[in-house]
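Below is the file structure.txt, which contains compact mmCIF, C-alpha atoms and all ligand atoms.
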# COMPACT_ATOMS: atom_id res chain seq x y z
CA ARG A 1 258.36 20.68 129.68
CA SER A 2 258.15 17.40 127.84
CA LYS A 3 260.92 14.88 128.34
CA ARG A 4 263.25 14.23 125.41
CA PRO A 5 262.50 10.79 123.86
CA ALA A 6 265.07 8.11 124.70
CA GLY A 7 268.12 8.46 122.46
CA ALA A 8 266.97 11.68 120.78
CA PRO A 9 269.68 14.31 120.34
CA ASP A 10 269.36 17.86 121.68
CA ARG A 11 266.37 19.46 119.93
CA LYS A 12 268.38 22.67 119.47
CA LEU A 13 270.22 20.85 116.69
CA ALA A 14 266.99 20.50 114.66
CA ARG A 15 266.94 22.33 111.33
CA PRO A 16 263.87 24.11 109.93
CA VAL A 17 261.83 22.21 107.37
CA THR A 18 260.22 24.58 104.88
CA LYS A 19 259.47 22.30 101.95
CA ILE A 20 258.89 18.56 101.84
CA GLY A 21 259.29 16.12 98.98
CA VAL A 22 257.50 12.77 98.87
CA VAL A 23 258.70 10.10 96.44
CA GLY A 24 255.82 7.88 95.42
CA ALA A 25 252.16 8.79 95.16
CA GLY A 26 250.70 5.53 96.50
CA LEU A 27 248.45 5.12 99.51
CA MET A 28 251.04 5.56 102.29
CA ALA A 29 252.72 8.46 100.45
CA GLY A 30 249.39 10.19 99.86
CA GLN A 31 248.44 9.82 103.51
CA PHE A 32 251.60 11.38 104.87
CA ALA A 33 251.81 14.07 102.18
CA LEU A 34 248.37 15.17 103.39
CA LEU A 35 249.49 15.05 107.01
CA PHE A 36 252.58 17.20 106.27
CA ALA A 37 250.52 19.83 104.46
CA LYS A 38 247.77 19.86 107.09
CA ALA A 39 249.94 19.81 110.21
CA LEU A 40 253.09 21.66 109.12
CA LYS A 41 251.47 24.01 106.60
CA VAL A 42 254.52 23.84 104.34
CA PRO A 43 254.60 23.11 100.60
CA VAL A 44 254.70 19.40 99.80
CA VAL A 45 255.56 18.02 96.40
CA ILE A 46 254.80 14.41 95.46
CA THR A 47 256.41 12.60 92.56
CA ASP A 48 255.91 9.27 90.86
CA VAL A 49 257.03 7.56 87.70
CA ASP A 50 254.13 8.58 85.48
CA GLN A 51 251.41 11.19 85.21
CA GLU A 52 248.62 8.71 85.90
CA ARG A 53 250.04 7.74 89.32
CA VAL A 54 250.76 11.35 90.19
CA ASP A 55 247.20 12.39 89.25
CA LYS A 56 245.77 9.51 91.27
CA GLY A 57 247.88 10.50 94.31
CA LEU A 58 246.76 14.11 94.10
CA ALA A 59 243.11 13.09 93.60
CA TYR A 60 243.34 10.91 96.73
CA ILE A 61 244.65 13.84 98.78
CA HIS A 62 241.95 16.20 97.46
CA GLY A 63 239.31 13.53 98.21
CA GLU A 64 240.53 13.14 101.81
CA VAL A 65 240.49 16.92 102.30
CA ASP A 66 236.92 17.02 100.93
CA LYS A 67 235.91 14.28 103.40
CA LEU A 68 237.37 16.24 106.33
CA ARG A 69 235.59 19.33 105.10
CA ALA A 70 232.28 17.44 104.77
CA LYS A 71 232.67 16.14 108.34
CA GLY A 72 233.16 19.71 109.53
CA ARG A 73 236.74 18.96 110.60
CA MET A 74 238.27 21.57 108.31
CA SER A 75 237.18 25.08 107.39
CA ALA A 76 236.75 25.94 103.71
CA ASP A 77 239.85 28.15 103.96
CA ALA A 78 241.97 25.42 105.53
CA ALA A 79 240.78 22.91 102.93
CA ASN A 80 241.72 25.23 100.06
CA ARG A 81 245.06 26.09 101.68
CA THR A 82 245.91 22.42 102.26
CA LYS A 83 245.05 21.48 98.68
CA ALA A 84 247.12 24.38 97.36
CA LEU A 85 250.14 23.31 99.44
CA VAL A 86 250.38 19.92 97.72
CA THR A 87 251.72 19.86 94.18
CA ALA A 88 252.72 16.91 92.02
CA SER A 89 255.35 16.22 89.41
CA VAL A 90 256.78 13.34 87.42
CA SER A 91 260.26 14.84 87.82
CA LYS A 92 262.47 14.70 90.91
CA GLU A 93 263.79 18.13 89.88
CA ALA A 94 260.77 19.37 91.82
CA PHE A 95 262.70 18.50 95.01
CA ALA A 96 265.50 21.01 94.23
CA ASP A 97 264.56 23.39 97.09
CA ALA A 98 263.19 20.79 99.52
CA ASP A 99 264.91 20.28 102.86
CA PHE A 100 263.25 16.95 103.75
CA VAL A 101 262.48 14.28 101.18
CA ILE A 102 260.81 11.03 102.22
CA GLU A 103 260.44 8.01 99.99
CA ALA A 104 257.57 5.52 100.01
CA VAL A 105 258.32 3.53 96.89
CA PHE A 106 258.29 -0.23 96.29
CA GLU A 107 259.74 -2.16 99.24
CA GLU A 108 262.92 -3.36 97.54
CA LEU A 109 266.40 -2.24 98.51
CA SER A 110 267.71 -1.70 94.96
CA VAL A 111 264.68 0.44 94.07
CA LYS A 112 265.05 2.57 97.18
CA LYS A 113 268.81 3.01 96.64
CA GLN A 114 268.20 4.10 93.07
CA VAL A 115 265.57 6.61 94.24
CA PHE A 116 267.91 8.06 96.87
CA ALA A 117 270.72 8.39 94.30
CA GLU A 118 268.39 10.25 91.93
CA VAL A 119 267.13 12.53 94.69
CA GLU A 120 270.65 13.26 95.96
CA ALA A 121 271.58 14.44 92.48
CA VAL A 122 269.07 17.30 92.65
CA VAL A 123 268.85 18.37 96.30
CA SER A 124 271.14 20.54 98.44
CA PRO A 125 273.86 18.82 100.54
CA GLU A 126 271.85 19.57 103.71
CA CYS A 127 268.59 18.07 102.48
CA ILE A 128 267.49 15.14 104.66
CA LEU A 129 266.61 11.88 102.93
CA ALA A 130 264.10 9.86 104.93
CA THR A 131 262.74 6.43 104.20
CA ASN A 132 259.36 5.04 105.18
CA THR A 133 260.65 1.49 104.77
CA SER A 134 258.95 -0.98 107.09
CA SER A 135 261.62 -3.65 107.00
CA LEU A 136 264.74 -2.86 104.96
CA SER A 137 268.19 -1.76 106.16
CA VAL A 138 268.47 2.02 106.36
CA THR A 139 272.26 1.63 106.63
CA GLU A 140 272.42 -0.15 103.27
CA MET A 141 270.08 2.38 101.72
CA ALA A 142 272.53 5.15 102.63
CA ALA A 143 275.74 3.27 101.87
CA ASP A 144 276.48 4.50 98.33
CA LEU A 145 275.36 8.11 98.74
CA ARG A 146 277.73 11.08 98.74
CA HIS A 147 276.21 12.13 102.06
CA PRO A 148 275.10 9.01 103.92
CA GLU A 149 274.85 11.07 107.12
CA ARG A 150 271.68 12.70 105.76
CA VAL A 151 269.67 9.46 105.77
CA VAL A 152 267.19 8.55 108.49
CA GLY A 153 264.30 6.10 108.82
CA PHE A 154 260.90 7.73 109.41
CA HIS A 155 258.36 4.95 109.56
CA PHE A 156 254.65 5.77 109.69
CA PHE A 157 251.81 3.29 110.30
CA ASN A 158 248.60 2.81 108.40
CA PRO A 159 246.22 4.67 108.70
CA VAL A 160 248.70 7.53 109.03
CA ALA A 161 246.13 10.10 110.18
CA VAL A 162 245.18 7.98 113.17
CA MET A 163 248.15 5.84 114.20
CA PRO A 164 250.05 7.82 116.82
CA LEU A 165 253.54 6.39 116.30
CA VAL A 166 256.56 7.06 114.11
CA GLU A 167 259.62 4.80 114.35
CA ILE A 168 262.75 6.87 113.79
CA VAL A 169 265.68 4.78 112.63
CA ARG A 170 269.26 5.85 113.16
CA ALA A 171 271.85 4.33 110.86
CA PRO A 172 275.47 4.30 112.11
CA ARG A 173 276.35 7.41 110.10
CA THR A 174 273.15 9.40 110.63
CA ASP A 175 274.02 12.92 111.69
CA ASP A 176 272.73 14.22 115.05
CA ALA A 177 271.16 17.28 113.38
CA VAL A 178 269.32 14.99 110.95
CA LEU A 179 268.03 12.87 113.81
CA ALA A 180 267.05 15.95 115.84
CA THR A 181 265.14 17.31 112.83
CA ALA A 182 263.29 14.00 112.44
CA PHE A 183 262.23 14.10 116.10
CA ALA A 184 261.18 17.75 115.82
CA LEU A 185 259.12 16.92 112.73
CA ALA A 186 257.39 14.01 114.45
CA LYS A 187 256.53 16.31 117.36
CA GLU A 188 255.06 18.93 115.03
CA LEU A 189 253.00 16.15 113.42
CA ARG A 190 251.80 15.28 116.96
CA LYS A 191 253.17 11.77 116.68
CA THR A 192 254.95 9.83 119.39
CA ALA A 193 258.45 9.15 118.12
CA VAL A 194 260.65 6.28 119.25
CA LEU A 195 264.26 5.74 118.27
CA VAL A 196 264.73 2.20 117.01
CA LYS A 197 267.76 0.21 115.99
CA ASP A 198 268.35 -0.38 112.29
CA SER A 199 267.34 -4.04 112.41
CA ALA A 200 264.91 -6.01 110.24
CA ALA A 201 261.35 -4.58 110.54
CA PHE A 202 262.44 -2.45 113.54
CA VAL A 203 260.16 -3.02 116.56
CA VAL A 204 256.48 -2.77 115.69
CA ASN A 205 256.41 -4.91 112.57
CA ARG A 206 258.75 -7.46 114.13
CA VAL A 207 256.15 -8.04 116.84
CA LEU A 208 253.08 -7.66 114.60
CA LEU A 209 254.38 -10.06 111.97
CA ARG A 210 255.08 -12.68 114.62
CA LEU A 211 251.45 -12.40 115.73
CA MET A 212 250.07 -12.38 112.20
CA GLY A 213 252.38 -15.23 111.21
CA GLU A 214 251.24 -17.43 114.09
CA VAL A 215 247.56 -16.73 113.33
CA SER A 216 248.25 -17.63 109.70
CA ASN A 217 249.84 -20.89 110.87
CA ALA A 218 246.70 -21.63 112.91
CA PHE A 219 244.69 -20.96 109.73
CA ASP A 220 246.94 -23.42 107.83
CA ASP A 221 246.21 -25.94 110.60
CA GLY A 222 242.45 -25.61 109.97
CA THR A 223 241.30 -22.75 112.22
CA PRO A 224 238.91 -20.60 110.13
CA ALA A 225 239.93 -16.93 109.89
CA GLU A 226 236.66 -15.85 111.50
CA VAL A 227 237.27 -18.18 114.45
CA ALA A 228 240.81 -16.88 114.98
CA ASP A 229 239.61 -13.28 114.73
CA THR A 230 236.67 -13.84 117.10
CA ALA A 231 238.89 -15.67 119.58
CA LEU A 232 241.47 -12.89 119.58
CA ARG A 233 239.10 -9.91 119.65
CA PRO A 234 238.78 -9.92 123.48
CA MET A 235 242.57 -9.52 123.70
CA GLY A 236 241.98 -5.81 123.15
CA LEU A 237 243.54 -5.61 119.71
CA PRO A 238 242.31 -2.52 117.83
CA MET A 239 242.07 -4.67 114.72
CA THR A 240 241.98 -8.46 114.57
CA PRO A 241 244.95 -10.21 112.88
CA PHE A 242 243.22 -11.08 109.59
CA ALA A 243 241.68 -7.61 109.31
CA LEU A 244 245.18 -6.23 109.87
CA LEU A 245 246.63 -8.55 107.24
CA ALA A 246 243.91 -7.39 104.85
CA MET A 247 244.76 -3.75 105.48
CA VAL A 248 248.54 -4.16 105.29
CA GLY A 249 248.12 -6.22 102.11
CA ILE A 250 249.65 -9.53 101.07
CA PRO A 251 252.67 -8.11 99.17
CA VAL A 252 253.76 -5.85 102.04
CA ALA A 253 253.30 -8.63 104.60
CA GLN A 254 255.32 -10.92 102.35
CA HIS A 255 258.22 -8.45 102.01
CA VAL A 256 258.34 -7.75 105.72
CA THR A 257 258.20 -11.47 106.55
CA GLU A 258 261.01 -12.19 104.10
CA SER A 259 263.23 -9.52 105.69
CA LEU A 260 262.46 -10.96 109.11
CA HIS A 261 263.14 -14.51 107.88
CA ALA A 262 266.50 -13.42 106.48
CA ALA A 263 267.41 -11.82 109.81
CA PHE A 264 265.88 -14.21 112.34
CA GLY A 265 265.28 -17.49 110.51
CA GLU A 266 262.42 -19.92 111.14
CA ARG A 267 260.59 -17.72 113.67
CA PHE A 268 259.28 -15.86 110.63
CA ARG A 269 258.02 -17.45 107.46
CA VAL A 270 255.25 -16.89 104.91
CA SER A 271 252.49 -19.37 105.81
CA ALA A 272 251.34 -21.99 103.29
CA ASN A 273 248.02 -20.25 102.62
CA GLN A 274 249.66 -16.85 102.23
CA GLN A 275 252.10 -18.44 99.81
CA ALA A 276 249.11 -19.85 97.89
CA LEU A 277 247.63 -16.35 97.67
CA ILE A 278 250.95 -15.00 96.39
CA ASP A 279 251.22 -17.87 93.86
CA HIS A 280 247.70 -17.06 92.64
CA GLY A 281 248.65 -13.41 92.23
CA VAL A 282 246.18 -12.31 94.92
CA ARG A 283 247.33 -8.95 96.19
CA GLU A 284 244.72 -8.26 98.80
CA LEU A 285 242.30 -9.91 101.14
CA TRP A 286 238.76 -8.63 101.13
CA VAL A 287 237.17 -7.63 104.37
CA THR A 288 233.41 -7.59 104.45
CA GLY A 289 231.27 -6.81 107.45
CA GLU A 290 232.70 -6.36 110.88
CA ASP A 291 236.30 -7.55 110.47
CA GLY A 292 235.16 -10.66 108.59
CA VAL A 293 237.76 -11.63 106.03
CA ARG A 294 236.34 -13.23 102.91
CA ARG A 295 238.76 -13.77 100.07
CA ILE A 296 240.85 -16.71 101.19
CA PRO A 297 241.11 -19.77 98.94
N1 LIG B 301 242.31 7.58 107.12
C1 LIG B 301 241.94 8.57 107.96
N2 LIG B 301 241.23 8.36 109.09
C2 LIG B 301 240.85 7.09 109.35
C3 LIG B 301 241.17 6.01 108.52
C4 LIG B 301 241.92 6.30 107.35
N3 LIG B 301 242.29 5.35 106.51
N4 LIG B 301 240.66 4.89 109.05
C5 LIG B 301 240.04 5.25 110.18
N5 LIG B 301 240.17 6.56 110.36
C6 LIG B 301 239.63 7.37 111.47
C7 LIG B 301 238.13 7.47 111.41
O1 LIG B 301 237.72 8.54 110.58
C8 LIG B 301 237.79 7.75 112.87
O2 LIG B 301 238.02 9.09 113.18
P1 LIG B 301 237.00 9.87 114.12
O3 LIG B 301 236.84 9.05 115.37
O4 LIG B 301 237.69 11.17 114.38
O5 LIG B 301 235.74 9.97 113.33
C9 LIG B 301 238.86 6.94 113.64
O6 LIG B 301 239.92 6.69 112.69
C10 LIG B 301 238.35 5.62 114.14
O7 LIG B 301 237.82 4.93 113.03
P2 LIG B 301 236.54 3.98 113.12
O8 LIG B 301 235.64 4.45 114.24
O9 LIG B 301 235.96 3.85 111.76
O10 LIG B 301 237.12 2.54 113.40
P3 LIG B 301 237.95 1.98 114.61
O11 LIG B 301 237.60 2.60 115.91
O12 LIG B 301 237.79 0.53 114.45
O13 LIG B 301 239.43 2.38 114.28
C11 LIG B 301 241.54 1.98 113.24
C12 LIG B 301 240.04 2.10 113.03
C13 LIG B 301 242.08 3.30 113.77
C14 LIG B 301 242.15 1.65 111.89
C15 LIG B 301 241.79 0.86 114.30
O14 LIG B 301 241.12 -0.30 113.91
C16 LIG B 301 243.25 0.55 114.50
O15 LIG B 301 243.97 1.23 115.21
N6 LIG B 301 243.71 -0.55 113.86
C17 LIG B 301 245.11 -1.01 113.97
C18 LIG B 301 245.86 -0.47 112.82
C19 LIG B 301 247.28 -0.92 112.87
O16 LIG B 301 247.70 -1.78 113.64
N7 LIG B 301 248.07 -0.34 111.98
C20 LIG B 301 249.43 -0.72 111.80
C21 LIG B 301 249.53 -1.56 110.59
S1 LIG B 301 251.17 -2.05 110.30
C22 LIG B 301 251.77 -0.80 109.39
O17 LIG B 301 251.17 0.10 108.92
C23 LIG B 301 253.23 -0.84 109.25
C24 LIG B 301 253.76 -1.39 108.03
O18 LIG B 301 254.78 -0.87 107.69
C25 LIG B 301 253.22 -2.54 107.31
Take the structure I supplied and represent it as structure tokens, if you would.
Amino acid sequence: RSKRPAGAPDRKLARPVTKIGVVGAGLMAGQFALLFAKALKVPVVITDVDQERVDKGLAYIHGEVDKLRAKGRMSADAANRTKALVTASVSKEAFADADFVIEAVFEELSVKKQVFAEVEAVVSPECILATNTSSLSVTEMAADLRHPERVVGFHFFNPVAVMPLVEIVRAPRTDDAVLATAFALAKELRKTAVLVKDSAAFVVNRVLLRLMGEVSNAFDDGTPAEVADTALRPMGLPMTPFALLAMVGIPVAQHVTESLHAAFGERFRVSANQQALIDHGVRELWVTGEDGVRRIP
């Protein structure tokens, strides 16, 4: 029998999850919507603010299923079943009979609070509201809801299909049954779940951003990105710091760094060159070849 993860409540408290809602149809949302449908085999509904985004999200999921099918990792039946399990809507009314709704919208507290308020207006009192935030306060996100005890952090890592971890965040009012359900869900998804404190960027991003921040400072001091990446590769990192920064994306890295700066001060700050990218409206670094990062001014 597997040991209960540190801090996890009794798994007998876990409630069944028979339908999942995903707010946002962007890349992270699409990745975990697919995972839910594939691993849990329950209906998943994704929503976004307009039809174009919703269509794009659904097309991404169908494309990923087709890739798995082409690689021989999914039978034709399983591929059709998985596609059929995921539906999309521009209205949150589609969450009315969901028992677990997770949001992956823009990383800004006011936006997330607004989303949770809108979702709470349509779901049952027992429905769990989870957030995939990578850096914001789950406690504050829950504060103005009628049922703050239903809120939990459920933080996936990119690429969702491969990264084995989920950080589960307990806010002071999170109910034990909600927490137990989150742990049970992570187990069904075959992810390792850790219970983390509701503090800025939790554990993984707090450490990662310190690493990425220091490498960015070395870059500001004149160390070329390729040199830093080559020097650090033998450290056993699965992805070198600039390749990681490219994958996470400048805006996300900026938001996480700002949350960490607000919480911990000078240990975390956006480096001068990253700030230049932000000022120039650059939203992503380009990686070409083996981990080589190209688009840096
Ligand atoms: N979606 C689905 N599967 C993917 C994928 C994706 N986007 N990217 C890679 N994979 C799969 C590949 O298909 C492959 O699977 P198989 O072995 O079954 O064929 C497997 O992952 C390995 O891929 P590759 O052989 O192409 O490449 P790799 O061995 O270099 O691994 C990696 C790629 C898994 C991404 C690895 O480089 C890695 O672990 N990188 C670190 C990623 C990381 O640190 N993520 C956290 C980012 S921070 C974050 O997400 C939090 C936040 O809130 C900002």
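If you look at CA of Lys197 (chain A) and atom C24 of ligand LIG 301 (chain B), they are 16.2 Å away from each other.
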Report the centre and edge lengths, in Å to one decimal, of an axis-aligned box enclosing every atom of ligand LIG 301 (chain B) listed in the file, padded by 3 Å on each side, as lines of an AutoDock Vina configuration file.
center_x = 245.2
center_y = 4.3
center_z = 111.2
size_x = 25.1
size_y = 19.7
size_z = 15.4
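Closest to Gly249 (chain A) among A:Val152, A:Ala88, A:Arg206, A:Leu27 is A:Leu27, based on only C-alpha atoms.
Distance check against Thr139 (chain A) using all atoms listed in the file: of A:Gly265, A:Pro16, A:Pro172, A:Pro234, the minimum falls on A:Pro172.
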_I'd like the contact shell of Gly21 (chain A) - 7 Å cut-off, only C-alpha atoms, skipping same-chain residues fewer than 2 positions apart - returned as JSON, numbers by chain._
{"A": [19, 23, 44, 45, 46, 95, 98, 100, 101, 102]}
Dump as JSON lines the rows for residues of chain A within 9 Å of ligand LIG 301 (chain B): closest atom pair and distance in Å with one decimal, all atoms listed in the file counted, ordered by chain and rising residue number.
{"residue": "A:Met28", "atom": "CA", "partner": "B:LIG301", "partner_atom": "O17", "distance": 8.6}
{"residue": "A:Gln31", "atom": "CA", "partner": "B:LIG301", "partner_atom": "N1", "distance": 7.5}
{"residue": "A:Glu64", "atom": "CA", "partner": "B:LIG301", "partner_atom": "C1", "distance": 7.8}
{"residue": "A:Leu68", "atom": "CA", "partner": "B:LIG301", "partner_atom": "O1", "distance": 8.8}
{"residue": "A:Lys71", "atom": "CA", "partner": "B:LIG301", "partner_atom": "O5", "distance": 8.5}
{"residue": "A:Arg73", "atom": "CA", "partner": "B:LIG301", "partner_atom": "O4", "distance": 8.7}
{"residue": "A:Asn132", "atom": "CA", "partner": "B:LIG301", "partner_atom": "O18", "distance": 7.9}
{"residue": "A:Thr133", "atom": "CA", "partner": "B:LIG301", "partner_atom": "O18", "distance": 7.0}
{"residue": "A:Ser134", "atom": "CA", "partner": "B:LIG301", "partner_atom": "O18", "distance": 4.2}
{"residue": "A:Ser135", "atom": "CA", "partner": "B:LIG301", "partner_atom": "O18", "distance": 7.4}
{"residue": "A:His155", "atom": "CA", "partner": "B:LIG301", "partner_atom": "O18", "distance": 7.1}
{"residue": "A:Phe156", "atom": "CA", "partner": "B:LIG301", "partner_atom": "O17", "distance": 6.7}
{"residue": "A:Phe157", "atom": "CA", "partner": "B:LIG301", "partner_atom": "O17", "distance": 3.5}
{"residue": "A:Asn158", "atom": "CA", "partner": "B:LIG301", "partner_atom": "O17", "distance": 3.8}
{"residue": "A:Pro159", "atom": "CA", "partner": "B:LIG301", "partner_atom": "N3", "distance": 4.6}
{"residue": "A:Val160", "atom": "CA", "partner": "B:LIG301", "partner_atom": "N1", "distance": 6.7}
{"residue": "A:Ala161", "atom": "CA", "partner": "B:LIG301", "partner_atom": "C1", "distance": 5.0}
{"residue": "A:Val162", "atom": "CA", "partner": "B:LIG301", "partner_atom": "O6", "distance": 5.4}
{"residue": "A:Met163", "atom": "CA", "partner": "B:LIG301", "partner_atom": "O15", "distance": 6.3}
{"residue": "A:Ala201", "atom": "CA", "partner": "B:LIG301", "partner_atom": "O18", "distance": 8.1}
{"residue": "A:Val204", "atom": "CA", "partner": "B:LIG301", "partner_atom": "C23", "distance": 7.5}
{"residue": "A:Asn205", "atom": "CA", "partner": "B:LIG301", "partner_atom": "C23", "distance": 6.1}
{"residue": "A:Leu208", "atom": "CA", "partner": "B:LIG301", "partner_atom": "S1", "distance": 7.3}
{"residue": "A:Leu209", "atom": "CA", "partner": "B:LIG301", "partner_atom": "S1", "distance": 8.8}
{"residue": "A:Leu237", "atom": "CA", "partner": "B:LIG301", "partner_atom": "C17", "distance": 7.5}
{"residue": "A:Pro238", "atom": "CA", "partner": "B:LIG301", "partner_atom": "C16", "distance": 4.6}
{"residue": "A:Met239", "atom": "CA", "partner": "B:LIG301", "partner_atom": "N6", "distance": 4.5}
{"residue": "A:Thr240", "atom": "CA", "partner": "B:LIG301", "partner_atom": "C17", "distance": 8.1}
{"residue": "A:Pro241", "atom": "CA", "partner": "B:LIG301", "partner_atom": "O16", "distance": 8.9}
{"residue": "A:Ala243", "atom": "CA", "partner": "B:LIG301", "partner_atom": "N6", "distance": 8.6}
{"residue": "A:Leu244", "atom": "CA", "partner": "B:LIG301", "partner_atom": "O16", "distance": 6.4}
{"residue": "A:Leu245", "atom": "CA", "partner": "B:LIG301", "partner_atom": "C21", "distance": 8.3}
{"residue": "A:Met247", "atom": "CA", "partner": "B:LIG301", "partner_atom": "C21", "distance": 7.3}
{"residue": "A:Val248", "atom": "CA", "partner": "B:LIG301", "partner_atom": "C25", "distance": 5.3}
{"residue": "A:Gly249", "atom": "CA", "partner": "B:LIG301", "partner_atom": "C25", "distance": 8.2}
{"residue": "A:Val252", "atom": "CA", "partner": "B:LIG301", "partner_atom": "C25", "distance": 6.2}
{"residue": "A:Ala253", "atom": "CA", "partner": "B:LIG301", "partner_atom": "C25", "distance": 6.7}
{"residue": "A:Val256", "atom": "CA", "partner": "B:LIG301", "partner_atom": "C25", "distance": 7.5}
*What is the distance between CA of Pro9 (chain A) and CA of Arg170 (chain A), in Å to one decimal?*
11.1 Å
Go through region 176-257 of chain A and flag each residue having an atom no more than 12 Å from region 35-43 of chain A; for those, report the closest pair of atoms plus their distance in Å to one decimal, using all atoms listed in the file, ordered by chain and rising number, as CSV.
residue,atom,partner,partner_atom,distance
A:Ala184,CA,A:Leu40,CA,11.2
A:Leu185,CA,A:Leu40,CA,8.5
A:Ala186,CA,A:Phe36,CA,10.0
A:Lys187,CA,A:Ala39,CA,10.3
A:Glu188,CA,A:Leu40,CA,6.8
A:Leu189,CA,A:Ala39,CA,5.8
A:Arg190,CA,A:Ala39,CA,8.3
A:Lys191,CA,A:Ala39,CA,10.8
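The closest residue to Lys112 (chain A), picked from A:Ser124, A:Glu52, A:Asn80, A:Ala143 and counting all atoms listed in the file, is A:Ala143.
Minimum atom-to-atom distances from A:Ser137, A:Gln275, A:Thr192, A:Thr174 to Ala263 (chain A) were compared using only C-alpha atoms, and the lowest value belongs to A:Ser137.
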Generate N, CA and C atoms for region 84-100 of chain A and emit them as a PDB file, in the frame of the given file.
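Result file is selection-v8.pdb:
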ATOM      1  N   ALA A  84     246.167  23.564  98.121  1.00  0.00           N
ATOM      2  CA  ALA A  84     247.120  24.380  97.360  1.00  0.00           C
ATOM      3  C   ALA A  84     248.568  24.074  97.750  1.00  0.00           C
ATOM      4  N   LEU A  85     248.769  23.589  98.980  1.00  0.00           N
ATOM      5  CA  LEU A  85     250.140  23.310  99.440  1.00  0.00           C
ATOM      6  C   LEU A  85     250.736  22.073  98.771  1.00  0.00           C
ATOM      7  N   VAL A  86     249.858  21.162  98.304  1.00  0.00           N
ATOM      8  CA  VAL A  86     250.380  19.920  97.720  1.00  0.00           C
ATOM      9  C   VAL A  86     250.407  20.026  96.196  1.00  0.00           C
ATOM     10  N   THR A  87     251.597  19.871  95.637  1.00  0.00           N
ATOM     11  CA  THR A  87     251.720  19.860  94.180  1.00  0.00           C
ATOM     12  C   THR A  87     252.316  18.512  93.764  1.00  0.00           C
ATOM     13  N   ALA A  88     252.256  18.224  92.485  1.00  0.00           N
ATOM     14  CA  ALA A  88     252.720  16.910  92.020  1.00  0.00           C
ATOM     15  C   ALA A  88     253.543  17.069  90.759  1.00  0.00           C
ATOM     16  N   SER A  89     254.489  16.147  90.584  1.00  0.00           N
ATOM     17  CA  SER A  89     255.350  16.220  89.410  1.00  0.00           C
ATOM     18  C   SER A  89     255.824  14.807  89.048  1.00  0.00           C
ATOM     19  N   VAL A  90     256.176  14.617  87.788  1.00  0.00           N
ATOM     20  CA  VAL A  90     256.780  13.340  87.420  1.00  0.00           C
ATOM     21  C   VAL A  90     258.310  13.445  87.462  1.00  0.00           C
ATOM     22  N   SER A  91     258.809  14.642  87.807  1.00  0.00           N
ATOM     23  CA  SER A  91     260.260  14.840  87.820  1.00  0.00           C
ATOM     24  C   SER A  91     260.769  15.132  89.233  1.00  0.00           C
ATOM     25  N   LYS A  92     261.878  14.463  89.583  1.00  0.00           N
ATOM     26  CA  LYS A  92     262.470  14.700  90.910  1.00  0.00           C
ATOM     27  C   LYS A  92     263.127  16.069  91.008  1.00  0.00           C
ATOM     28  N   GLU A  93     263.274  16.752  89.863  1.00  0.00           N
ATOM     29  CA  GLU A  93     263.790  18.130  89.880  1.00  0.00           C
ATOM     30  C   GLU A  93     262.930  19.004  90.809  1.00  0.00           C
ATOM     31  N   ALA A  94     261.685  18.598  90.967  1.00  0.00           N
ATOM     32  CA  ALA A  94     260.770  19.370  91.820  1.00  0.00           C
ATOM     33  C   ALA A  94     261.237  19.399  93.280  1.00  0.00           C
ATOM     34  N   PHE A  95     262.194  18.536  93.626  1.00  0.00           N
ATOM     35  CA  PHE A  95     262.700  18.500  95.010  1.00  0.00           C
ATOM     36  C   PHE A  95     263.868  19.468  95.229  1.00  0.00           C
ATOM     37  N   ALA A  96     264.257  20.218  94.178  1.00  0.00           N
ATOM     38  CA  ALA A  96     265.500  21.010  94.230  1.00  0.00           C
ATOM     39  C   ALA A  96     265.595  21.876  95.486  1.00  0.00           C
ATOM     40  N   ASP A  97     264.489  22.500  95.913  1.00  0.00           N
ATOM     41  CA  ASP A  97     264.560  23.390  97.090  1.00  0.00           C
ATOM     42  C   ASP A  97     263.909  22.770  98.328  1.00  0.00           C
ATOM     43  N   ALA A  98     263.760  21.446  98.340  1.00  0.00           N
ATOM     44  CA  ALA A  98     263.190  20.790  99.520  1.00  0.00           C
ATOM     45  C   ALA A  98     264.287  20.590 100.566  1.00  0.00           C
ATOM     46  N   ASP A  99     263.893  20.608 101.853  1.00  0.00           N
ATOM     47  CA  ASP A  99     264.910  20.280 102.860  1.00  0.00           C
ATOM     48  C   ASP A  99     264.659  18.959 103.557  1.00  0.00           C
ATOM     49  N   PHE A 100     263.544  18.296 103.201  1.00  0.00           N
ATOM     50  CA  PHE A 100     263.250  16.950 103.750  1.00  0.00           C
ATOM     51  C   PHE A 100     262.517  16.187 102.665  1.00  0.00           C
TER      52      PHE A 100
END
